[in-house]
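What follows is a single structure, written as C-alpha cells, with notes after it.
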Amino acid sequence: MDVDDDYYCDDYYCDDYYDDDISDGESYGDEEWTANDDEPHQLVADKRNRYVVLTEQQIRHRLGQEAAATAEVFSVPVDWALALLRHYRWDPPRLEEDWFSDQDRVRDAVGLGGDPGREGEEEDDEEETNLICGICMEGDKPAAEMASAGCAHRYCHACWRGYVAAAAAEDGGGRGLVALRCPDASCSRAVLRGMVERFFFADADIDGRDAYERALERDYVEARGLWMKPCPAAGCGCAIEIPIEGDGSGADLVCRCGHGFCWRCGGEPHWPASCAAAVGWAGEADAASAEWVLVHTKPCPRCRRPIEHGGGCRALRCADPCGLWFCWRCLGSIDETGWLAHDSCAEVRSPAAATEEELRRAAETLGAFLRYQDLWAANRRAQQLAEHEARLLGLRAGDKVDKGEVVAEAWEEVAEGRRVLGNACAQGQSMVRRRGGASARRRWELFEYQHGETDAVLDRLQQCAQEAATTAAEERELDRLLAVLAQQISVTRCCVDSFARAVEDLHGMPERD
Ligand SMILES: [Zn+2]
Ligand SMILES: [Zn+2]
Ligand SMILES: [Zn+2]
Ligand SMILES: [Zn+2]
Ligand SMILES: [Zn+2]
Ligand SMILES: [Zn+2]
C-alpha cells in the first residue's frame with residue numbers, strides 16, 4: 001500500500017504540522033487569557049458559565065488526530081479513515097466494533113474498494129487507447145486523461161472537474177464534497193479526499209483542500225451537536241464546546257470573533273429569558289403598534305383609515321382624499337346629519353371588530369410593553385456604562401492595586417446584573433401577553449417583585465463602587481470602604497443569580513393555570 005503519494009499527504013494531519021503552542025482549546029476562564037483581554041464584560045458571564053471556544057485550526061487538529069488514529073488501527077490511508085469516521089458520525093468505538101466484526105459490510109456501506117490507494121490513478125496500461133468518457137461520451141481519449149474513483153467507471157479529467165465543482169456549489173457549504181460518490185448512478189464508490197482535492201485544485205483559484213477541510217470540520221462539529229456547536233457568525237469557523245455534563249443553561253456564549261449567541265436557539269443572547277420569550281420580544285414592537293392602533297384610534301366611517309383623536313373638539317375631518325367630517329363619539333357622519341344631531345349621540349368606543357374585552361387587553365399589553373421597553377433600554381444603558389467604567393479601571397495605572405481591582409469587579413457585576421435584568425424584560429412581557437389564571441398572575445407578580453429588588457441591589461452596588469472610586473480617604477477608611485464594597489459584590493451576585501434562576505424556572509410554564 002502506497003500512502004505516500006501526493007494525494008495522501010498524511011503530514012497534513014501530523015502533530016508538528018501545527019505550531020507547538022496550540023493547546024487543545026483555551027478556556028475563557030483561564031487566568032492567562034484574562035490578563036491581556038480588554039473586554040472584561042465577557043469574563044463576568046464566564047464566571048458562571050464555563051465553555052471553550054475552539055478555533056478552526058483546533059477543530060482540524062482534533063479531527064485529524066482521530067483520523068490518524070483510526071488509519072493506524074485499521075491500517076488504511078487517512079482518506080479512508082476520514083470517509084469511515086464521517087459515515088459513523090465521528091464515533092470511533094461504534095466504527096471499530098462494526099469494522100472488526102464485518103469489514104466488508106462496512107466497506108460496502110461507505111463505498112470503499114478492496115484495495116486502498118488505487119483511486120484516481122491513471123490506467124497503468126499505456127497501450128490502452130480509444131476510451132470513452134461516461135459523462136461527455138467523447139471517445140478516443142488516451143488513458144492518461146481518464147480517472148476513476150477506484151471502480152470500473154472512468155471519466156475524463158474535464159468531466160471530473162465539472163463533477164466536483166458542481167458538488168461544491170451545492171447548498172450546505174461543501175457538504176456535497178465530503179459525501180461525493182462515483183458519477184455512475186448504479187455505483188456507490190466513494191470519491192475520497194485525494195480525488196476531490198486533485199480535481200478541485202486544478203480549477204480556477206479555489207483552494208480545494210480548504211473547501212474540503214472546512215466541510216469536514218462542519219461535519220465533525222455537527223456530529224457533536226449535544227455539546228459542540230458552530231459559531232453562527234458569517235465567515236467564523238470557530239465552534240463552542242460546553243462541558244459534557246452541562247445542559248447549556250446560562251446559555252449565552254461569546255465566540256472568539258466577538259459574536260454572542262444563545263446556545264439553544266443560536267439567536268441573539270437573551271439569557272435568562274427563554275428562547276420563546278426572546279422570539280416573542282423580537283416581534284413585540286409590531287404587535288404593540290397594532291395594539292396602539294386598536295387602543296388609540298377609531299376608523300373613519302367612510303374609508304376605514306385609523307384616525308387618532310388628538311383631544312379637543314369631537315368633530316373630526318378625515319384626511320384627503322376622503323375628507324369626511326365625522327363625530328368621534330358615535331362615528332356618525334356630520335355632513336349628512338348636521339352637528340346638532342350629535343349633541344347627545346351614543347358613544348361607540350371601539351371599531352366594530354374589537355370587543356370591550358379585547359380592547360382592555362390590548363391596552364394592558366401595550367402598557368406593559370412600553371414599560372418593559374423603557375426598562376430594557378435603561379438596563380442596556382446602565383450595562384454599557386458599567387462596562388465602560390470597568391474597562392477604564394483596567395487601564396488606569398497608579399491606583400492602589402486593591403482598590404482598582406475591587407472597584408472593577410463591582411462594575412463588572414453591575415454590568416452582568418443589568419444585562420440579566422434587561423434580557424429578563426422579554427420574559428416579563430411574554431407572561432403579560434400569555435396571561436393565564438390566578439397562579440400565572442402570582443408568578444408574574446413575583447417576577448416583578450424580584451426584578452425590582454435586583455434593580456435596587458444593583459443601584460446600591462453602583463453607589464458603593466462610585467464612592468470607593470472617588471474617595472480621598474486614607475488607608476484605614478479606604479480599607480473599610482473596600483470591605484463594604486466586596487461584601488456588596490457578593491450580595492449582588494447572589495441576588496442576580498437567584499433572580500436568573502427564578503426566571504429560568506418560568507421557562508415552559510403552562511400557558512393557563
Ligand atoms: Zn468527459
Ligand atoms: Zn463507479
Ligand atoms: Zn465566531
Ligand atoms: Zn435562545
Ligand atoms: Zn375617511
Ligand atoms: Zn356623534
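Letters for chains follow the order of the C-alpha cells (A, B, ...), residue numbers begin at 1 for each chain, and ligand numbers begin at 1 in the order shown.
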| said: Could you pull out the helix (DSSP H, G or I) residues of range 166-415 of chain A, going by DSSP on the backbone, and write them as a PyMOL selection string? | reply: chain A and resi 166-169+175-178+193-201+208-223+275-282+284-296+334-337+339-342+356-395+401-415
| Close residues to ligand 5 using only C-alpha atoms and all ligand atoms, limit 12 Å, as a list in words |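 So the residues close to ligand 5 are Lys298, Pro299, Cys300, Pro301, Arg302, Cys303, Arg304, Arg305, Pro306, Ile307, Leu316, Arg317, Cys318, Ala319, Asp320, Pro321, Cys322, Gly323, Leu324, Trp325, Phe326, Cys327, Leu331, Gly332 and Ser333 of chain A.
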Expected file contents, prior selection, N, CA and C atoms, as a compact mmCIF listing (two decimals), in the first residue's frame:
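again-v1.txt, freshly written:
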```txt
# COMPACT_ATOMS: atom_id res chain seq x y z
N LYS A 298 -59.79 55.28 16.03
CA LYS A 298 -61.05 54.72 15.53
C LYS A 298 -60.99 54.84 14.02
N PRO A 299 -61.67 53.93 13.32
CA PRO A 299 -61.62 54.00 11.86
C PRO A 299 -62.57 55.08 11.34
N CYS A 300 -62.15 55.75 10.30
CA CYS A 300 -63.05 56.69 9.63
C CYS A 300 -64.25 55.90 9.12
N PRO A 301 -65.48 56.39 9.37
CA PRO A 301 -66.67 55.61 8.98
C PRO A 301 -66.79 55.42 7.47
N ARG A 302 -66.08 56.22 6.68
CA ARG A 302 -66.21 56.04 5.24
C ARG A 302 -65.05 55.21 4.67
N CYS A 303 -63.80 55.62 4.94
CA CYS A 303 -62.67 54.95 4.28
C CYS A 303 -61.95 53.97 5.21
N ARG A 304 -62.34 53.85 6.46
CA ARG A 304 -61.80 52.89 7.44
C ARG A 304 -60.36 53.20 7.87
N ARG A 305 -59.81 54.32 7.43
CA ARG A 305 -58.46 54.66 7.85
C ARG A 305 -58.44 54.90 9.37
N PRO A 306 -57.46 54.36 10.10
CA PRO A 306 -57.43 54.60 11.55
C PRO A 306 -57.07 56.06 11.85
N ILE A 307 -57.88 56.69 12.71
CA ILE A 307 -57.66 58.10 13.00
C ILE A 307 -57.53 58.31 14.50
N LEU A 316 -64.29 65.67 13.71
CA LEU A 316 -63.00 65.41 13.07
C LEU A 316 -63.18 65.35 11.56
N ARG A 317 -62.13 65.76 10.86
CA ARG A 317 -62.19 65.64 9.41
C ARG A 317 -61.12 64.64 8.98
N CYS A 318 -61.55 63.62 8.24
CA CYS A 318 -60.60 62.62 7.73
C CYS A 318 -59.71 63.29 6.69
N ALA A 319 -58.48 62.76 6.56
CA ALA A 319 -57.53 63.37 5.63
C ALA A 319 -58.00 63.20 4.19
N ASP A 320 -57.47 64.03 3.30
CA ASP A 320 -57.77 63.88 1.87
C ASP A 320 -57.21 62.56 1.38
N PRO A 321 -57.76 61.94 0.38
CA PRO A 321 -58.86 62.45 -0.44
C PRO A 321 -60.24 62.19 0.15
N CYS A 322 -60.33 61.46 1.29
CA CYS A 322 -61.65 61.14 1.85
C CYS A 322 -62.35 62.42 2.32
N GLY A 323 -61.75 63.12 3.28
CA GLY A 323 -62.23 64.43 3.69
C GLY A 323 -63.55 64.43 4.44
N LEU A 324 -64.02 63.26 4.91
CA LEU A 324 -65.31 63.19 5.60
C LEU A 324 -65.24 63.88 6.97
N TRP A 325 -66.25 64.70 7.27
CA TRP A 325 -66.41 65.23 8.63
C TRP A 325 -67.22 64.22 9.43
N PHE A 326 -66.69 63.78 10.58
CA PHE A 326 -67.48 62.83 11.38
C PHE A 326 -67.32 63.11 12.86
N CYS A 327 -68.20 62.46 13.65
CA CYS A 327 -68.22 62.66 15.10
C CYS A 327 -67.40 61.57 15.76
N LEU A 331 -69.07 58.07 15.72
CA LEU A 331 -68.56 57.71 14.39
C LEU A 331 -69.60 57.93 13.29
N GLY A 332 -70.54 58.86 13.54
CA GLY A 332 -71.52 59.18 12.51
C GLY A 332 -71.04 60.35 11.67
N SER A 333 -71.48 60.39 10.42
CA SER A 333 -71.08 61.47 9.53
C SER A 333 -71.78 62.76 9.94
```
| query | Which is closer to ligand 6 than all the others in A:Phe200, A:Trp281, A:Trp160, A:Trp339, using only C-alpha atoms and all ligand atoms? | reply |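 Under the stated criterion, the closest residue is A:Trp339.
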| task | List the neighbours of range 176-193 of chain A out to 10 Å using only C-alpha atoms; skip same-chain residues closer than 2 positions along the sequence, and give me the result as number ranges by chain. | result | A: 7-8, 78-80, 82-83, 86-87, 107-113, 119-120, 134-135, 148-155, 159-160, 163-174, 195-198, 200, 208-209, 211-216, 219
| message | Taking 3 positions as the minimum chain separation for residues in the same chain, which residues sit within 9 Å of range 444-458 of chain A when counting only C-alpha atoms? Answer as a ChimeraX atom specification. | response | /A:413-414,417-418,421,424,428,431-432,439-441,461-463,488,491-492,495-496,499,502-503
| Would you name the residues within 12 Å of ligand 6, counting only C-alpha atoms and all ligand atoms, and put them as a ChimeraX atom specification? | /A:301,313-316,325-349
| field | Near-Ser274 in chain A list (9 Å; only C-alpha atoms; drop same-chain fewer than 2 positions) as a list in words | value | His270, Trp271, Pro272, Ala276, Ala277, Ala278, Val279, Ala424, Ala426, Gln427, Val503, Glu504, Leu506, His507 and Gly508 of chain A
Generate a file of the selected residues that holds C-alpha atoms, formatted as a tab-separated table (two decimals), in the first residue's frame.
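The new file part-v2.tsv reads:
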```tsv
chain	number	residue	atom	x	y	z
A	270	HIS	CA	-31.18	36.60	25.73
A	271	TRP	CA	-30.48	34.62	28.92
A	272	PRO	CA	-32.21	34.29	31.37
A	276	ALA	CA	-39.61	31.50	23.02
A	277	ALA	CA	-39.83	34.72	25.04
A	278	ALA	CA	-36.91	36.17	23.06
A	279	VAL	CA	-38.63	35.37	19.76
A	424	ALA	CA	-35.50	39.37	31.54
A	426	ALA	CA	-38.65	39.67	27.31
A	427	GLN	CA	-39.77	37.05	29.84
A	503	VAL	CA	-36.61	33.38	35.55
A	504	GLU	CA	-35.23	30.11	34.17
A	506	LEU	CA	-40.50	30.13	34.41
A	507	HIS	CA	-39.49	28.61	31.07
A	508	GLY	CA	-42.06	26.19	29.78
```
For Glu138 in chain A, work out the shell of residues within 9 Å, counting only C-alpha atoms and skipping chain neighbours fewer than 6 positions away, then give it as an mmCIF file with C-alpha atoms, in the first residue's frame.
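Once everything was written out, this is part_38.cif:
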```cif
data_model
loop_
_atom_site.group_PDB
_atom_site.id
_atom_site.type_symbol
_atom_site.label_atom_id
_atom_site.label_comp_id
_atom_site.auth_asym_id
_atom_site.auth_seq_id
_atom_site.Cartn_x
_atom_site.Cartn_y
_atom_site.Cartn_z
ATOM 1 C CA LEU A 131 -11.531 5.025 -24.121
ATOM 2 C CA ILE A 132 -14.959 6.645 -23.911
ATOM 3 C CA CYS A 156 -12.126 12.350 -18.484
#
```
| query | CA of Arg175 in chain A to CA of Asp102 in chain A: how many Å, to one decimal? | reply | 27.7 Å
| request: Quick one: pick out all strand (DSSP E or B) residues within range 184-294 of chain A from a backbone DSSP run and write them as an NGL selection string. | output: :A and (190 or 228-230 or 239-241 or 252-254 or 260-262)
| said: Show me which residues line ligand 3, defined as having an atom within 12 Å of a ligand atom where only C-alpha atoms and all ligand atoms count, and present them as a ChimeraX atom specification. | reply: /A:52-56,229-240,253-261,266
| request: Might you pull out every residue within 8 Å of Arg419 in chain A, with only C-alpha atoms counted and same-chain residues fewer than 3 positions away left off, and present them as a list in words? | output: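 Once the adjacent positions are removed, what remains is Asn379, Arg380, Gln383, Ala415, Glu416, Gly422 and Asn423 of chain A.
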